[in-house]
$ cat run.cif   # mmCIF, C-alpha atoms
data_run
#
loop_
_atom_site.label_atom_id
_atom_site.label_comp_id
_atom_site.auth_asym_id
_atom_site.auth_seq_id
_atom_site.Cartn_x
_atom_site.Cartn_y
_atom_site.Cartn_z
CA MET A 1 -27.43 7.53 16.63
CA ALA A 2 -27.78 9.51 13.44
CA PRO A 3 -31.36 10.53 12.65
CA PHE A 4 -33.14 8.44 10.12
CA MET A 5 -33.32 10.14 6.71
CA ALA A 6 -35.93 8.89 4.26
CA ARG A 7 -34.50 8.45 0.77
CA PRO A 8 -36.53 7.90 -2.38
CA SER A 9 -36.33 4.36 -3.62
CA PRO A 10 -34.54 3.85 -6.96
CA PRO A 11 -37.82 3.24 -8.81
CA ALA A 12 -39.42 6.35 -7.29
CA LEU A 13 -36.36 8.46 -8.03
CA SER A 14 -36.29 7.21 -11.61
CA LEU A 15 -39.96 8.02 -12.06
CA ALA A 16 -39.38 11.55 -10.75
CA LEU A 17 -36.48 12.11 -13.11
CA VAL A 18 -38.45 10.74 -16.04
CA ALA A 19 -41.40 12.99 -15.19
CA ALA A 20 -39.15 16.06 -15.01
CA SER A 21 -37.43 15.17 -18.28
CA SER A 22 -40.77 14.49 -19.97
CA LEU A 23 -42.10 17.85 -18.86
CA SER A 24 -39.03 19.63 -20.16
CA LEU A 25 -39.28 17.78 -23.47
CA LEU A 26 -42.99 18.59 -23.72
CA LEU A 27 -42.30 22.26 -23.06
CA VAL A 28 -39.53 22.50 -25.61
CA GLN A 29 -41.42 20.50 -28.25
CA GLY A 30 -44.55 22.52 -27.58
CA SER A 31 -42.56 25.72 -27.87
CA ALA A 32 -41.09 24.62 -31.19
CA SER A 33 -44.55 23.71 -32.45
CA MET A 34 -46.01 27.03 -31.40
CA SER A 35 -43.19 28.93 -33.06
CA GLY A 36 -43.89 27.07 -36.29
CA GLY A 37 -40.40 25.66 -36.60
CA GLY A 38 -41.32 22.10 -35.78
CA ARG A 39 -37.86 21.50 -34.34
CA VAL A 40 -35.99 22.19 -31.14
CA ASP A 41 -33.09 24.63 -31.52
CA VAL A 42 -30.37 25.78 -29.15
CA GLY A 43 -32.32 28.93 -28.31
CA ASP A 44 -35.25 26.86 -27.07
CA MET A 45 -32.98 24.83 -24.82
CA VAL A 46 -31.21 27.90 -23.44
CA MET A 47 -34.49 29.63 -22.73
CA MET A 48 -35.90 26.46 -21.17
CA ASP A 49 -32.89 26.22 -18.84
CA ARG A 50 -33.41 29.83 -17.93
CA PHE A 51 -37.10 29.20 -17.26
CA HIS A 52 -36.30 26.24 -15.01
CA ALA A 53 -33.81 28.34 -13.06
CA TRP A 54 -36.40 31.09 -12.67
CA ARG A 55 -39.03 28.61 -11.47
CA GLY A 56 -36.60 27.27 -8.88
CA ALA A 57 -35.71 30.74 -7.68
CA TYR A 58 -39.36 31.69 -7.16
CA ASN A 59 -40.68 28.24 -6.23
CA ARG A 60 -43.16 28.33 -9.09
CA SER A 61 -45.25 25.26 -9.97
CA TYR A 62 -48.19 24.75 -12.34
CA PRO A 63 -51.20 22.43 -12.25
CA SER A 64 -50.50 20.81 -15.63
CA ALA A 65 -47.91 20.48 -18.37
CA GLU A 66 -50.18 22.50 -20.64
CA GLU A 67 -50.25 25.40 -18.19
CA ALA A 68 -46.48 25.12 -17.78
CA LEU A 69 -46.11 25.43 -21.54
CA ARG A 70 -48.37 28.48 -21.62
CA ARG A 71 -46.40 30.10 -18.81
CA PHE A 72 -43.14 29.28 -20.54
CA GLU A 73 -44.28 31.16 -23.64
CA VAL A 74 -45.27 34.16 -21.51
CA TYR A 75 -41.93 33.98 -19.71
CA ARG A 76 -40.07 33.77 -23.01
CA ARG A 77 -41.75 36.90 -24.37
CA ASN A 78 -41.08 38.80 -21.16
CA ALA A 79 -37.45 37.68 -21.00
CA GLU A 80 -36.88 38.70 -24.61
CA TYR A 81 -38.49 42.07 -23.93
CA ILE A 82 -36.29 42.64 -20.86
CA ASP A 83 -33.11 41.64 -22.70
CA ALA A 84 -33.92 43.80 -25.72
CA ALA A 85 -34.76 46.86 -23.61
CA ASN A 86 -31.54 46.62 -21.62
CA LEU A 87 -29.38 45.94 -24.68
CA ARG A 88 -30.93 48.75 -26.69
CA GLY A 89 -29.63 51.28 -24.21
CA GLY A 90 -30.81 54.83 -23.82
CA LEU A 91 -32.84 54.01 -20.71
CA THR A 92 -32.30 55.78 -17.41
CA TYR A 93 -33.25 52.59 -15.58
CA GLU A 94 -32.69 48.83 -15.76
CA LEU A 95 -35.17 45.98 -16.11
CA ALA A 96 -34.74 42.45 -14.77
CA GLU A 97 -36.65 39.20 -14.35
CA ASN A 98 -38.59 39.00 -11.12
CA GLU A 99 -41.46 37.05 -9.62
CA PHE A 100 -43.85 38.54 -12.20
CA ALA A 101 -41.99 37.17 -15.25
CA ASP A 102 -44.64 34.54 -16.11
CA LEU A 103 -47.51 37.04 -16.16
CA THR A 104 -48.74 38.94 -19.18
CA GLU A 105 -49.06 42.69 -18.80
CA GLU A 106 -52.85 42.34 -18.71
CA GLU A 107 -52.71 39.69 -15.99
CA PHE A 108 -50.26 41.74 -13.97
CA LEU A 109 -52.31 44.91 -14.10
CA ALA A 110 -55.49 43.02 -13.19
CA SER A 111 -53.82 41.51 -10.12
CA TYR A 112 -51.41 44.10 -8.77
CA THR A 113 -53.14 47.46 -9.06
CA GLY A 114 -56.51 48.51 -7.62
CA TYR A 115 -56.96 52.31 -7.66
CA TYR A 116 -59.97 54.23 -8.89
CA ALA A 117 -60.47 57.97 -8.60
CA ASP A 118 -62.04 59.39 -5.46
CA ASP A 119 -65.48 60.84 -6.03
CA VAL A 120 -64.28 64.25 -4.89
CA GLY A 121 -62.41 64.38 -8.19
CA ALA A 122 -58.93 63.17 -9.05
CA HIS A 123 -58.23 66.55 -10.64
CA ASP A 124 -59.88 68.72 -7.99
CA SER A 125 -57.58 71.16 -6.20
CA ASP A 126 -60.16 72.20 -3.59
CA VAL A 127 -59.35 71.61 0.04
CA ILE A 128 -61.31 68.74 1.53
CA THR A 129 -63.05 69.15 4.85
CA THR A 130 -64.47 66.34 6.92
CA SER A 131 -66.82 65.90 9.81
CA ALA A 132 -63.73 65.84 11.99
CA GLY A 133 -62.77 69.40 11.02
CA ASP A 134 -60.93 71.43 8.42
CA VAL A 135 -57.88 70.09 6.65
CA ASP A 136 -54.61 71.91 6.04
CA ASP A 137 -54.73 73.90 2.83
CA LEU A 138 -51.38 73.29 1.17
CA SER A 139 -52.06 75.96 -1.43
CA ALA A 140 -51.98 78.57 1.34
CA SER A 141 -48.42 77.66 2.38
CA CYS A 142 -46.96 76.51 -0.93
CA CYS A 143 -44.33 76.85 -2.09
CA GLY A 144 -41.53 78.41 -0.09
CA ASP A 145 -38.03 77.16 0.41
CA VAL A 146 -37.88 73.38 0.59
CA PRO A 147 -34.89 71.07 1.08
CA ALA A 148 -32.99 69.96 -2.03
CA SER A 149 -33.61 66.36 -1.01
CA VAL A 150 -35.79 64.49 1.47
CA ASP A 151 -35.83 60.83 2.48
CA TRP A 152 -38.34 59.93 5.15
CA ARG A 153 -36.85 56.41 5.31
CA ALA A 154 -33.63 57.87 6.71
CA GLN A 155 -35.68 59.56 9.42
CA GLY A 156 -37.22 56.26 10.48
CA ALA A 157 -40.69 57.30 9.37
CA VAL A 158 -41.42 54.59 6.77
CA VAL A 159 -42.48 50.99 7.39
CA PRO A 160 -40.68 48.73 4.84
CA PRO A 161 -42.62 47.85 1.67
CA LYS A 162 -45.21 45.09 1.87
CA SER A 163 -46.98 43.00 -0.79
CA GLN A 164 -50.64 43.29 -1.65
CA SER A 165 -50.36 39.86 -3.38
CA SER A 166 -51.97 38.73 -6.62
CA THR A 167 -55.36 37.93 -5.10
CA CYS A 168 -56.35 41.38 -3.84
CA SER A 169 -56.46 44.67 -5.77
CA SER A 170 -55.83 46.67 -2.62
CA CYS A 171 -53.01 49.12 -3.41
CA TRP A 172 -55.31 51.87 -2.14
CA ALA A 173 -55.37 50.30 1.34
CA PHE A 174 -51.58 49.96 1.45
CA VAL A 175 -51.10 53.62 0.54
CA THR A 176 -53.68 54.73 3.10
CA ALA A 177 -51.95 52.75 5.84
CA ALA A 178 -48.46 53.81 4.72
CA THR A 179 -49.18 57.54 4.81
CA ILE A 180 -50.88 57.28 8.21
CA GLU A 181 -47.97 55.21 9.56
CA SER A 182 -45.54 57.93 8.55
CA LEU A 183 -47.70 60.77 9.86
CA ASN A 184 -48.10 58.95 13.16
CA LYS A 185 -44.31 58.62 13.45
CA ILE A 186 -43.76 62.31 12.62
CA LYS A 187 -46.39 63.45 15.14
CA THR A 188 -45.87 60.97 17.99
CA GLY A 189 -42.39 59.52 17.50
CA ARG A 190 -43.82 55.97 17.18
CA LEU A 191 -43.53 53.95 13.96
CA VAL A 192 -46.20 51.25 13.96
CA SER A 193 -47.19 48.98 11.08
CA LEU A 194 -50.92 49.48 10.56
CA SER A 195 -53.60 47.13 9.26
CA GLU A 196 -54.40 47.11 5.56
CA GLN A 197 -56.77 44.20 6.18
CA GLN A 198 -58.92 46.35 8.44
CA LEU A 199 -59.43 48.71 5.51
CA VAL A 200 -60.12 45.85 3.10
CA ASP A 201 -62.70 44.29 5.40
CA CYS A 202 -64.29 47.26 7.09
CA ASP A 203 -64.08 50.36 4.87
CA SER A 204 -67.59 50.59 3.43
CA TYR A 205 -66.65 53.39 1.03
CA ASP A 206 -64.25 51.21 -0.97
CA GLY A 207 -64.28 47.87 -2.71
CA GLY A 208 -62.02 45.76 -0.55
CA CYS A 209 -60.06 43.57 -2.96
CA ASN A 210 -61.95 45.10 -5.87
CA MET A 211 -60.28 48.54 -5.96
CA GLY A 212 -60.64 51.69 -3.90
CA SER A 213 -59.20 55.15 -3.30
CA TYR A 214 -57.15 56.65 -0.51
CA GLY A 215 -59.43 59.71 -0.39
CA ARG A 216 -62.41 57.55 0.49
CA ALA A 217 -60.29 55.49 2.87
CA TYR A 218 -59.11 58.56 4.80
CA ARG A 219 -62.76 59.47 5.33
CA TRP A 220 -63.48 56.04 6.73
CA VAL A 221 -60.46 56.12 9.07
CA ILE A 222 -61.59 59.48 10.46
CA GLU A 223 -65.11 58.20 11.07
CA ASN A 224 -63.80 54.97 12.60
CA GLY A 225 -61.51 56.83 14.97
CA GLY A 226 -58.29 55.34 13.63
CA LEU A 227 -56.56 52.14 12.50
CA THR A 228 -55.34 49.17 14.48
CA THR A 229 -51.99 47.45 13.99
CA GLU A 230 -51.07 44.92 11.34
CA ALA A 231 -50.23 42.47 14.15
CA ASP A 232 -53.71 42.85 15.62
CA TYR A 233 -55.53 42.56 12.27
CA PRO A 234 -53.13 40.77 9.86
CA TYR A 235 -53.35 40.78 6.08
CA THR A 236 -55.03 37.83 4.35
CA ALA A 237 -55.25 39.19 0.77
CA ARG A 238 -58.99 38.55 0.56
CA ARG A 239 -62.04 40.43 1.80
CA GLY A 240 -63.77 38.96 4.80
CA ALA A 241 -66.31 40.04 7.37
CA CYS A 242 -65.23 43.09 9.33
CA ASN A 243 -63.92 42.19 12.77
CA ARG A 244 -65.61 45.04 14.58
CA ALA A 245 -63.97 44.29 17.91
CA LYS A 246 -60.48 44.63 16.41
CA SER A 247 -61.57 47.54 14.24
CA ALA A 248 -62.39 49.42 17.45
CA HIS A 249 -58.70 49.24 18.46
CA HIS A 250 -56.90 52.45 17.49
CA ALA A 251 -53.09 52.47 17.24
CA ALA A 252 -53.05 55.62 15.09
CA LYS A 253 -55.62 58.20 14.09
CA ILE A 254 -56.07 61.15 11.75
CA THR A 255 -58.34 64.17 12.02
CA GLY A 256 -58.51 65.18 8.36
CA PHE A 257 -56.90 65.00 4.96
CA GLY A 258 -56.15 67.30 2.07
CA LYS A 259 -55.22 67.41 -1.60
CA VAL A 260 -52.27 68.95 -3.40
CA PRO A 261 -53.10 71.11 -6.44
CA PRO A 262 -52.78 68.96 -9.57
CA ARG A 263 -50.12 69.45 -12.23
CA ASN A 264 -47.88 71.20 -9.73
CA GLU A 265 -44.63 69.41 -8.88
CA ALA A 266 -43.46 72.32 -6.74
CA ALA A 267 -46.54 71.89 -4.56
CA LEU A 268 -45.95 68.15 -4.43
CA GLN A 269 -42.34 68.73 -3.38
CA ALA A 270 -43.47 71.05 -0.60
CA ALA A 271 -45.96 68.42 0.59
CA VAL A 272 -43.37 65.62 0.59
CA ALA A 273 -40.98 67.84 2.53
CA ARG A 274 -43.59 67.77 5.31
CA GLN A 275 -44.63 64.11 5.16
CA PRO A 276 -45.05 61.13 2.80
CA VAL A 277 -48.06 61.52 0.51
CA ALA A 278 -50.39 59.32 -1.55
CA VAL A 279 -50.37 59.52 -5.36
CA ALA A 280 -51.85 57.57 -8.25
CA ILE A 281 -49.96 56.56 -11.40
CA GLU A 282 -50.30 54.73 -14.65
CA VAL A 283 -48.21 51.56 -14.59
CA GLY A 284 -45.83 52.47 -17.38
CA SER A 285 -44.01 50.40 -19.95
CA GLY A 286 -41.64 47.94 -18.33
CA MET A 287 -42.52 48.94 -14.76
CA GLN A 288 -43.55 45.36 -14.07
CA PHE A 289 -39.85 44.44 -14.40
CA TYR A 290 -38.23 47.58 -12.99
CA LYS A 291 -35.00 46.82 -11.15
CA SER A 292 -33.12 50.06 -10.52
CA GLY A 293 -32.40 53.57 -11.76
CA VAL A 294 -34.63 56.56 -12.43
CA TYR A 295 -37.78 55.45 -14.24
CA SER A 296 -38.59 57.79 -17.12
CA GLY A 297 -41.38 56.00 -18.98
CA PRO A 298 -42.85 55.78 -21.44
CA CYS A 299 -46.19 56.08 -19.73
CA GLY A 300 -49.41 58.04 -19.85
CA THR A 301 -51.96 59.23 -17.32
CA ARG A 302 -54.48 56.39 -17.07
CA LEU A 303 -54.30 56.26 -13.30
CA ALA A 304 -54.64 52.68 -12.08
CA HIS A 305 -52.24 52.19 -9.18
CA ALA A 306 -51.75 53.93 -5.83
CA VAL A 307 -48.27 54.42 -4.36
CA THR A 308 -46.61 56.48 -1.62
CA VAL A 309 -44.05 59.23 -2.25
CA VAL A 310 -41.55 59.06 0.62
CA GLY A 311 -38.90 61.45 -0.64
CA TYR A 312 -37.12 63.08 -3.54
CA GLY A 313 -33.57 63.80 -4.64
CA THR A 314 -31.09 63.91 -7.51
CA ASP A 315 -29.30 60.86 -8.93
CA PRO A 316 -25.54 61.45 -8.55
CA SER A 317 -24.53 59.51 -11.65
CA SER A 318 -27.06 60.87 -14.15
CA GLY A 319 -28.03 64.17 -12.55
CA LEU A 320 -31.72 63.28 -12.97
CA LYS A 321 -34.14 64.54 -10.35
CA TYR A 322 -36.47 61.87 -8.98
CA TRP A 323 -39.28 61.02 -6.59
CA THR A 324 -38.68 58.11 -4.18
CA ILE A 325 -41.80 55.96 -4.23
CA LYS A 326 -42.81 53.09 -1.98
CA ASN A 327 -44.76 50.37 -3.77
CA SER A 328 -46.86 47.40 -2.61
CA TRP A 329 -45.34 44.67 -4.82
CA GLY A 330 -42.98 43.21 -2.22
CA GLN A 331 -39.31 43.86 -1.54
CA SER A 332 -37.98 41.61 -4.33
CA TRP A 333 -39.32 44.11 -6.87
CA GLY A 334 -37.37 47.23 -7.81
CA GLU A 335 -34.98 48.82 -5.36
CA ARG A 336 -36.03 46.69 -2.40
CA GLY A 337 -39.67 47.56 -2.99
CA TYR A 338 -39.13 51.17 -4.07
CA ILE A 339 -38.96 52.90 -7.45
CA ARG A 340 -37.38 56.23 -8.29
CA MET A 341 -39.48 58.11 -10.84
CA ARG A 342 -38.29 61.12 -12.80
CA ARG A 343 -39.16 64.48 -11.26
CA ASN A 344 -39.79 67.93 -12.76
CA VAL A 345 -41.07 66.69 -16.11
CA GLY A 346 -43.94 69.19 -16.20
CA GLY A 347 -47.63 68.76 -16.93
CA PRO A 348 -49.21 65.83 -15.10
CA GLY A 349 -45.83 64.54 -13.90
CA MET A 350 -44.27 61.19 -14.69
CA CYS A 351 -47.07 58.66 -15.27
CA GLY A 352 -49.62 61.20 -14.01
CA LEU A 353 -48.33 61.24 -10.45
CA THR A 354 -49.34 64.87 -9.80
CA LEU A 355 -52.99 64.39 -10.78
CA ASP A 356 -54.36 62.93 -7.53
CA VAL A 357 -52.18 63.75 -4.53
CA ALA A 358 -53.54 63.43 -1.00
CA TYR A 359 -52.19 63.35 2.53
CA PRO A 360 -53.64 62.68 6.00
CA THR A 361 -53.48 65.26 8.78
CA LEU A 362 -53.52 65.15 12.56
CA GLN A 363 -54.41 68.27 14.53
#

$ encode --input "run.cif" --output "structure tokens"
Amino acid sequence: MAPFMARPSPPALSLALVAASSLSLLLVQGSASMSGGGRVDVGDMVMMDRFHAWRGAYNRSYPSAEEALRRFEVYRRNAEYIDAANLRGGLTYELAENEFADLTEEEFLASYTGYYADDVGAHDSDVITTSAGDVDDLSASCCGDVPASVDWRAQGAVVPPKSQSSTCSSCWAFVTAATIESLNKIKTGRLVSLSEQQLVDCDSYDGGCNMGSYGRAYRWVIENGGLTTEADYPYTARRGACNRAKSAHHAAKITGFGKVPPRNEAALQAAVARQPVAVAIEVGSGMQFYKSGVYSGPCGTRLAHAVTVVGYGTDPSSGLKYWTIKNSWGQSWGERGYIRMRRNVGGPGMCGLTLDVAYPTLQ
């Protein structure tokens, strides 16, 4: 016998269709009113269809018609910005709609960043020592011959990008875990996904979901004796009480950490040739909607977001040199969760990425 399939009754189906149509009409009429035209034009309808398609693709719903209208207006502005930027040409990268298309830039930055400078100084080139011992001094070995290109992903030393989510400003924890994951693989041959939640809950030097720094986090990991796995202490995107029993589990450890001299891309290249490293950047213009290519700004040096440099190379089509950077905005963003940022631009680097460079060590 075929399984019973519940079907909406004709009255219920009609009510659903009417509700959907009413919402669409409200959105379009509200949009026309807000634009001052007082009428619905073809552009409104086209953009509304596009908005509905986007909502379906990302399973987006809103608590009220008024909120839907507000989000539609944000989406419209973002879509127009993306279209104009791509049509204008002259960019070394491409933008596209993604899951962040109904967020203003201010909302996005408030939700998806989370870095603040370490108290040892974001621009301090001194070597950092810890209670666990001295740290490698990169300045003593920099900067000899290094490979023309490096990709730690190809060497199996990078856990795929994750998402910090919109409810937790914890990029600092993701970068801390990512760099230790890679170092652990390089040193032991084992690639293990480590726990960002352990850092969010237990690291007393940082702010959990209210920002932090990888320099402080490395200190905590050293003092704690290591990090446990993501499977053991999974991510919840909110700060809770530290699970001290799980925090005592150590799947990977570090014995120290160091800093790369600022404003020195040659030193950064030498560091990345040895292992993935942590950097901080300003989230530049359009980065919210980055899709592919070599990002070349515009951007400044107001460091607000932590990311992991996992390689570098040269784009074969444009000849532009780039850094390969792992982000924490999920794999639907950018190049499957990565962004290539222009390399060898001088000064503080693209979006300030040479100003606060750190890496964990294991003796």

$ residues_near_point --input "run.cif" --point "(-49.2, 53.8, -4.0)" --cutoff "8 Å" --atoms "only C-alpha atoms" --output "ChimeraX atom specification"
/A:171-172,174-175,278-281,305-309,325-328

$ resolve_selection --input "run.cif" --expression "the PyMOL selection byres ((chain A and resi 201) around 7)" --output "number ranges by chain"
A: 197-200, 202-203, 208, 239-242

$ resolve_selection --input "run.cif" --expression "the PyMOL selection byres ((chain A and resi 182) around 12)" --output "JSON, numbers by chain"
{"A": [151, 152, 153, 155, 156, 157, 158, 159, 160, 175, 176, 177, 178, 179, 180, 181, 183, 184, 185, 186, 187, 188, 189, 190, 191, 192, 193, 194, 252, 253, 254, 272, 274, 275, 276, 277, 278, 308, 309, 310, 311, 326, 359, 360, 361, 362]}

$ resolve_selection --input "run.cif" --expression "the PyMOL selection byres ((chain A and resi 222-229) around 7)" --output "PyMOL selection string"
chain A and resi 132+192-195+218-221+230-233+247+249-256

$ atom_distance --input "run.cif" --atom1 "atom CA of Arg71 of chain A" --atom2 "atom CA of Arg55 of chain A"
10.5 Å
